[in-house]
Amino acid sequence: MKRLVIAGAALLLSTSALAEECANANTQMDLNTCTAQQYQAADKKLNQTYQDVIKRAAAPQRDLLKKAQQAWIVLRDADCTFAASGTEGGSIQPMIINQCMTEKTVEREAFLASLMQCEEGDLSCPLPPAN
């Protein structure tokens, strides 16, 4: 439950941050560029958190996490392609895809980060507690 609250809070904060950061964009190209940069920043943070989780995971868990992450990437990409399908070929489509990718990436990063907060005795958390 604690992990869901953390993930939800991170998602709400990221959504408002998306709107604020691109508020000064004047053209669709500016918006597309801004949202692409936001996605790249979120992806970078996700990759760092993923590496931290991989380091803490036991050997058999690493393979499971890699499979889960690969499946999540396929789902994220498919969801965002679908979300932007109503704007197919339009100049706004990259922005819609970038926003979707950013939101889903921030959500996944928050989930992975919550795994790093496992407490002793929490059997719902697969990683060992931090030392």
# chains A, B, ... in the order shown; residues from 1 in each chain; ligands from 1

call {"tool": "residues_around", "arguments": {"residues": "Ala113 of chain A", "least_positions_apart": "4", "cutoff": "8 Å", "atoms": "only C-alpha atoms", "output": "PyMOL selection string"}}
result
chain A and resi 49+53+109+117

call {"tool": "residues_around", "arguments": {"residues": "segment 27-32 of chain A", "least_positions_apart": "4", "cutoff": "7 Å", "atoms": "only C-alpha atoms", "output": "list in words"}}
result
Cys22, Ala36, Ser91, Ile92, Pro94 and Met95 of chain A

call {"tool": "write_last_selection", "arguments": {"atoms": "N, CA and C atoms", "output": "PDB file, in the first residue's frame"}}
result
ATOM      1  N   CYS A  22       6.492  23.197 -20.032  1.00  0.00           N
ATOM      2  CA  CYS A  22       6.238  23.502 -21.436  1.00  0.00           C
ATOM      3  C   CYS A  22       5.303  24.701 -21.614  1.00  0.00           C
ATOM      4  N   ALA A  36       9.768  15.931 -25.536  1.00  0.00           N
ATOM      5  CA  ALA A  36      10.804  14.926 -25.816  1.00  0.00           C
ATOM      6  C   ALA A  36      11.910  15.014 -24.771  1.00  0.00           C
ATOM      7  N   SER A  91       0.814  17.105 -36.460  1.00  0.00           N
ATOM      8  CA  SER A  91       2.024  17.660 -35.843  1.00  0.00           C
ATOM      9  C   SER A  91       2.012  17.517 -34.318  1.00  0.00           C
ATOM     10  N   ILE A  92       0.850  17.261 -33.746  1.00  0.00           N
ATOM     11  CA  ILE A  92       0.735  17.111 -32.294  1.00  0.00           C
ATOM     12  C   ILE A  92       1.056  15.685 -31.829  1.00  0.00           C
ATOM     13  N   PRO A  94       3.685  13.661 -31.958  1.00  0.00           N
ATOM     14  CA  PRO A  94       4.886  13.436 -31.137  1.00  0.00           C
ATOM     15  C   PRO A  94       4.714  13.915 -29.695  1.00  0.00           C
ATOM     16  N   MET A  95       4.028  15.035 -29.505  1.00  0.00           N
ATOM     17  CA  MET A  95       3.815  15.544 -28.151  1.00  0.00           C
ATOM     18  C   MET A  95       2.950  14.577 -27.347  1.00  0.00           C
TER      19      MET A  95
END

call {"tool": "atom_distance", "arguments": {"atom1": "atom CA of Ala84 of chain A", "atom2": "atom CA of Gln51 of chain A"}}
result
29.7 Å

call {"tool": "closest_residue", "arguments": {"among": "A:Ala58, A:Leu65, A:Met101, A:Cys125", "to": "Ala78 of chain A", "atoms": "only C-alpha atoms"}}
result
A:Met101

call {"tool": "atom_distance", "arguments": {"atom1": "atom CA of Asn98 of chain A", "atom2": "atom CA of Tyr39 of chain A"}}
result
6.0 Å

call {"tool": "closest_residue", "arguments": {"among": "A:Lys104, A:Thr35, A:Gln93, A:Leu127", "to": "Ala59 of chain A", "atoms": "only C-alpha atoms"}}
result
A:Leu127

call {"tool": "residues_around", "arguments": {"residues": "Ala42 of chain A", "least_positions_apart": "4", "cutoff": "10 Å", "atoms": "only C-alpha atoms", "output": "list in words"}}
result
Ser14, Ala36, Gln37, Gln38, Leu46, Asn47, Met101, Thr102, Glu103, Lys104, Thr105, Val106, Glu107, Arg108 and Glu109 of chain A

call {"tool": "write_last_selection", "arguments": {"atoms": "N, CA and C atoms", "output": "PDB file, in the first residue's frame"}}
result
ATOM      1  N   SER A  14       4.479  14.739 -11.340  1.00  0.00           N
ATOM      2  CA  SER A  14       5.073  14.780 -12.674  1.00  0.00           C
ATOM      3  C   SER A  14       4.116  15.383 -13.694  1.00  0.00           C
ATOM      4  N   ALA A  36       9.768  15.931 -25.536  1.00  0.00           N
ATOM      5  CA  ALA A  36      10.804  14.926 -25.816  1.00  0.00           C
ATOM      6  C   ALA A  36      11.910  15.014 -24.771  1.00  0.00           C
ATOM      7  N   GLN A  37      12.280  16.223 -24.396  1.00  0.00           N
ATOM      8  CA  GLN A  37      13.304  16.407 -23.362  1.00  0.00           C
ATOM      9  C   GLN A  37      12.820  15.894 -22.015  1.00  0.00           C
ATOM     10  N   GLN A  38      11.551  16.111 -21.720  1.00  0.00           N
ATOM     11  CA  GLN A  38      10.987  15.605 -20.468  1.00  0.00           C
ATOM     12  C   GLN A  38      11.018  14.081 -20.444  1.00  0.00           C
ATOM     13  N   LEU A  46      14.691   6.670 -14.729  1.00  0.00           N
ATOM     14  CA  LEU A  46      14.236   5.281 -14.671  1.00  0.00           C
ATOM     15  C   LEU A  46      15.400   4.317 -14.825  1.00  0.00           C
ATOM     16  N   ASN A  47      16.268   4.570 -15.785  1.00  0.00           N
ATOM     17  CA  ASN A  47      17.400   3.674 -16.017  1.00  0.00           C
ATOM     18  C   ASN A  47      18.329   3.616 -14.805  1.00  0.00           C
ATOM     19  N   MET A 101       4.634   8.657 -22.814  1.00  0.00           N
ATOM     20  CA  MET A 101       5.862   7.935 -22.456  1.00  0.00           C
ATOM     21  C   MET A 101       6.435   8.481 -21.147  1.00  0.00           C
ATOM     22  N   THR A 102       6.400   9.784 -20.987  1.00  0.00           N
ATOM     23  CA  THR A 102       6.910  10.396 -19.760  1.00  0.00           C
ATOM     24  C   THR A 102       6.081   9.965 -18.558  1.00  0.00           C
ATOM     25  N   GLU A 103       4.774  10.065 -18.666  1.00  0.00           N
ATOM     26  CA  GLU A 103       3.907   9.697 -17.540  1.00  0.00           C
ATOM     27  C   GLU A 103       4.093   8.241 -17.140  1.00  0.00           C
ATOM     28  N   LYS A 104       4.128   7.347 -18.112  1.00  0.00           N
ATOM     29  CA  LYS A 104       4.291   5.927 -17.806  1.00  0.00           C
ATOM     30  C   LYS A 104       5.690   5.634 -17.253  1.00  0.00           C
ATOM     31  N   THR A 105       6.687   6.350 -17.743  1.00  0.00           N
ATOM     32  CA  THR A 105       8.058   6.159 -17.276  1.00  0.00           C
ATOM     33  C   THR A 105       8.217   6.655 -15.842  1.00  0.00           C
ATOM     34  N   VAL A 106       7.632   7.795 -15.535  1.00  0.00           N
ATOM     35  CA  VAL A 106       7.675   8.322 -14.165  1.00  0.00           C
ATOM     36  C   VAL A 106       6.973   7.348 -13.214  1.00  0.00           C
ATOM     37  N   GLU A 107       5.854   6.823 -13.646  1.00  0.00           N
ATOM     38  CA  GLU A 107       5.114   5.862 -12.830  1.00  0.00           C
ATOM     39  C   GLU A 107       5.950   4.599 -12.582  1.00  0.00           C
ATOM     40  N   ARG A 108       6.601   4.100 -13.615  1.00  0.00           N
ATOM     41  CA  ARG A 108       7.433   2.891 -13.468  1.00  0.00           C
ATOM     42  C   ARG A 108       8.636   3.176 -12.570  1.00  0.00           C
ATOM     43  N   GLU A 109       9.237   4.336 -12.730  1.00  0.00           N
ATOM     44  CA  GLU A 109      10.387   4.688 -11.892  1.00  0.00           C
ATOM     45  C   GLU A 109       9.967   4.745 -10.433  1.00  0.00           C
TER      46      GLU A 109
END

call {"tool": "atom_distance", "arguments": {"atom1": "atom CA of Leu64 of chain A", "atom2": "atom CA of Pro126 of chain A"}}
result
10.9 Å

call {"tool": "closest_residue", "arguments": {"among": "A:Gln40, A:Arg56, A:Gln69, A:Ala83", "to": "Ala130 of chain A", "atoms": "only C-alpha atoms"}}
result
A:Arg56

call {"tool": "decode", "arguments": {"residues": "segment 42-62 of chain A", "atoms": "N, CA, C and O atoms", "output": "PDB file, in the first residue's frame"}}
result
ATOM      1  N   ALA A  42      13.065  11.666 -17.811  1.00  0.00           N
ATOM      2  CA  ALA A  42      12.372  10.619 -17.051  1.00  0.00           C
ATOM      3  C   ALA A  42      12.990   9.253 -17.334  1.00  0.00           C
ATOM      4  O   ALA A  42      13.172   8.441 -16.421  1.00  0.00           O
ATOM      5  N   ASP A  43      13.340   9.003 -18.587  1.00  0.00           N
ATOM      6  CA  ASP A  43      13.943   7.726 -18.969  1.00  0.00           C
ATOM      7  C   ASP A  43      15.318   7.553 -18.324  1.00  0.00           C
ATOM      8  O   ASP A  43      15.668   6.465 -17.864  1.00  0.00           O
ATOM      9  N   LYS A  44      16.070   8.629 -18.255  1.00  0.00           N
ATOM     10  CA  LYS A  44      17.390   8.587 -17.615  1.00  0.00           C
ATOM     11  C   LYS A  44      17.248   8.230 -16.134  1.00  0.00           C
ATOM     12  O   LYS A  44      17.984   7.391 -15.604  1.00  0.00           O
ATOM     13  N   LYS A  45      16.289   8.853 -15.466  1.00  0.00           N
ATOM     14  CA  LYS A  45      16.056   8.569 -14.052  1.00  0.00           C
ATOM     15  C   LYS A  45      15.585   7.124 -13.862  1.00  0.00           C
ATOM     16  O   LYS A  45      16.028   6.435 -12.938  1.00  0.00           O
ATOM     17  N   LEU A  46      14.691   6.670 -14.729  1.00  0.00           N
ATOM     18  CA  LEU A  46      14.236   5.281 -14.671  1.00  0.00           C
ATOM     19  C   LEU A  46      15.400   4.317 -14.825  1.00  0.00           C
ATOM     20  O   LEU A  46      15.516   3.347 -14.067  1.00  0.00           O
ATOM     21  N   ASN A  47      16.268   4.570 -15.785  1.00  0.00           N
ATOM     22  CA  ASN A  47      17.400   3.674 -16.017  1.00  0.00           C
ATOM     23  C   ASN A  47      18.329   3.616 -14.805  1.00  0.00           C
ATOM     24  O   ASN A  47      18.835   2.547 -14.459  1.00  0.00           O
ATOM     25  N   GLN A  48      18.538   4.751 -14.137  1.00  0.00           N
ATOM     26  CA  GLN A  48      19.382   4.752 -12.938  1.00  0.00           C
ATOM     27  C   GLN A  48      18.726   3.957 -11.812  1.00  0.00           C
ATOM     28  O   GLN A  48      19.377   3.152 -11.142  1.00  0.00           O
ATOM     29  N   THR A  49      17.447   4.175 -11.609  1.00  0.00           N
ATOM     30  CA  THR A  49      16.727   3.434 -10.564  1.00  0.00           C
ATOM     31  C   THR A  49      16.716   1.947 -10.884  1.00  0.00           C
ATOM     32  O   THR A  49      16.920   1.117  -9.991  1.00  0.00           O
ATOM     33  N   TYR A  50      16.494   1.603 -12.137  1.00  0.00           N
ATOM     34  CA  TYR A  50      16.511   0.199 -12.563  1.00  0.00           C
ATOM     35  C   TYR A  50      17.861  -0.432 -12.229  1.00  0.00           C
ATOM     36  O   TYR A  50      17.930  -1.549 -11.705  1.00  0.00           O
ATOM     37  N   GLN A  51      18.942   0.267 -12.518  1.00  0.00           N
ATOM     38  CA  GLN A  51      20.283  -0.264 -12.211  1.00  0.00           C
ATOM     39  C   GLN A  51      20.468  -0.461 -10.705  1.00  0.00           C
ATOM     40  O   GLN A  51      21.064  -1.452 -10.270  1.00  0.00           O
ATOM     41  N   ASP A  52      19.952   0.456  -9.918  1.00  0.00           N
ATOM     42  CA  ASP A  52      20.036   0.324  -8.457  1.00  0.00           C
ATOM     43  C   ASP A  52      19.271  -0.901  -7.971  1.00  0.00           C
ATOM     44  O   ASP A  52      19.733  -1.632  -7.099  1.00  0.00           O
ATOM     45  N   VAL A  53      18.085  -1.126  -8.543  1.00  0.00           N
ATOM     46  CA  VAL A  53      17.273  -2.280  -8.153  1.00  0.00           C
ATOM     47  C   VAL A  53      17.963  -3.576  -8.575  1.00  0.00           C
ATOM     48  O   VAL A  53      18.017  -4.538  -7.800  1.00  0.00           O
ATOM     49  N   ILE A  54      18.493  -3.604  -9.774  1.00  0.00           N
ATOM     50  CA  ILE A  54      19.198  -4.798 -10.277  1.00  0.00           C
ATOM     51  C   ILE A  54      20.356  -5.153  -9.344  1.00  0.00           C
ATOM     52  O   ILE A  54      20.584  -6.328  -9.042  1.00  0.00           O
ATOM     53  N   LYS A  55      21.070  -4.152  -8.874  1.00  0.00           N
ATOM     54  CA  LYS A  55      22.210  -4.407  -7.979  1.00  0.00           C
ATOM     55  C   LYS A  55      21.760  -5.021  -6.660  1.00  0.00           C
ATOM     56  O   LYS A  55      22.473  -5.838  -6.084  1.00  0.00           O
ATOM     57  N   ARG A  56      20.602  -4.625  -6.182  1.00  0.00           N
ATOM     58  CA  ARG A  56      20.128  -5.135  -4.900  1.00  0.00           C
ATOM     59  C   ARG A  56      19.467  -6.511  -5.035  1.00  0.00           C
ATOM     60  O   ARG A  56      19.428  -7.284  -4.092  1.00  0.00           O
ATOM     61  N   ALA A  57      18.944  -6.827  -6.200  1.00  0.00           N
ATOM     62  CA  ALA A  57      18.211  -8.077  -6.406  1.00  0.00           C
ATOM     63  C   ALA A  57      19.158  -9.281  -6.372  1.00  0.00           C
ATOM     64  O   ALA A  57      20.313  -9.200  -6.788  1.00  0.00           O
ATOM     65  N   ALA A  58      18.636 -10.397  -5.883  1.00  0.00           N
ATOM     66  CA  ALA A  58      19.380 -11.658  -5.922  1.00  0.00           C
ATOM     67  C   ALA A  58      19.452 -12.132  -7.372  1.00  0.00           C
ATOM     68  O   ALA A  58      18.637 -11.746  -8.211  1.00  0.00           O
ATOM     69  N   ALA A  59      20.409 -12.980  -7.668  1.00  0.00           N
ATOM     70  CA  ALA A  59      20.645 -13.437  -9.049  1.00  0.00           C
ATOM     71  C   ALA A  59      19.388 -13.939  -9.756  1.00  0.00           C
ATOM     72  O   ALA A  59      19.111 -13.505 -10.877  1.00  0.00           O
ATOM     73  N   PRO A  60      18.594 -14.831  -9.155  1.00  0.00           N
ATOM     74  CA  PRO A  60      17.394 -15.298  -9.881  1.00  0.00           C
ATOM     75  C   PRO A  60      16.379 -14.173 -10.106  1.00  0.00           C
ATOM     76  O   PRO A  60      15.663 -14.165 -11.108  1.00  0.00           O
ATOM     77  N   GLN A  61      16.335 -13.216  -9.201  1.00  0.00           N
ATOM     78  CA  GLN A  61      15.406 -12.092  -9.342  1.00  0.00           C
ATOM     79  C   GLN A  61      15.818 -11.166 -10.491  1.00  0.00           C
ATOM     80  O   GLN A  61      14.960 -10.541 -11.107  1.00  0.00           O
ATOM     81  N   ARG A  62      17.099 -11.082 -10.757  1.00  0.00           N
ATOM     82  CA  ARG A  62      17.572 -10.204 -11.836  1.00  0.00           C
ATOM     83  C   ARG A  62      16.959 -10.615 -13.168  1.00  0.00           C
ATOM     84  O   ARG A  62      16.507  -9.766 -13.934  1.00  0.00           O
TER      85      ARG A  62
END
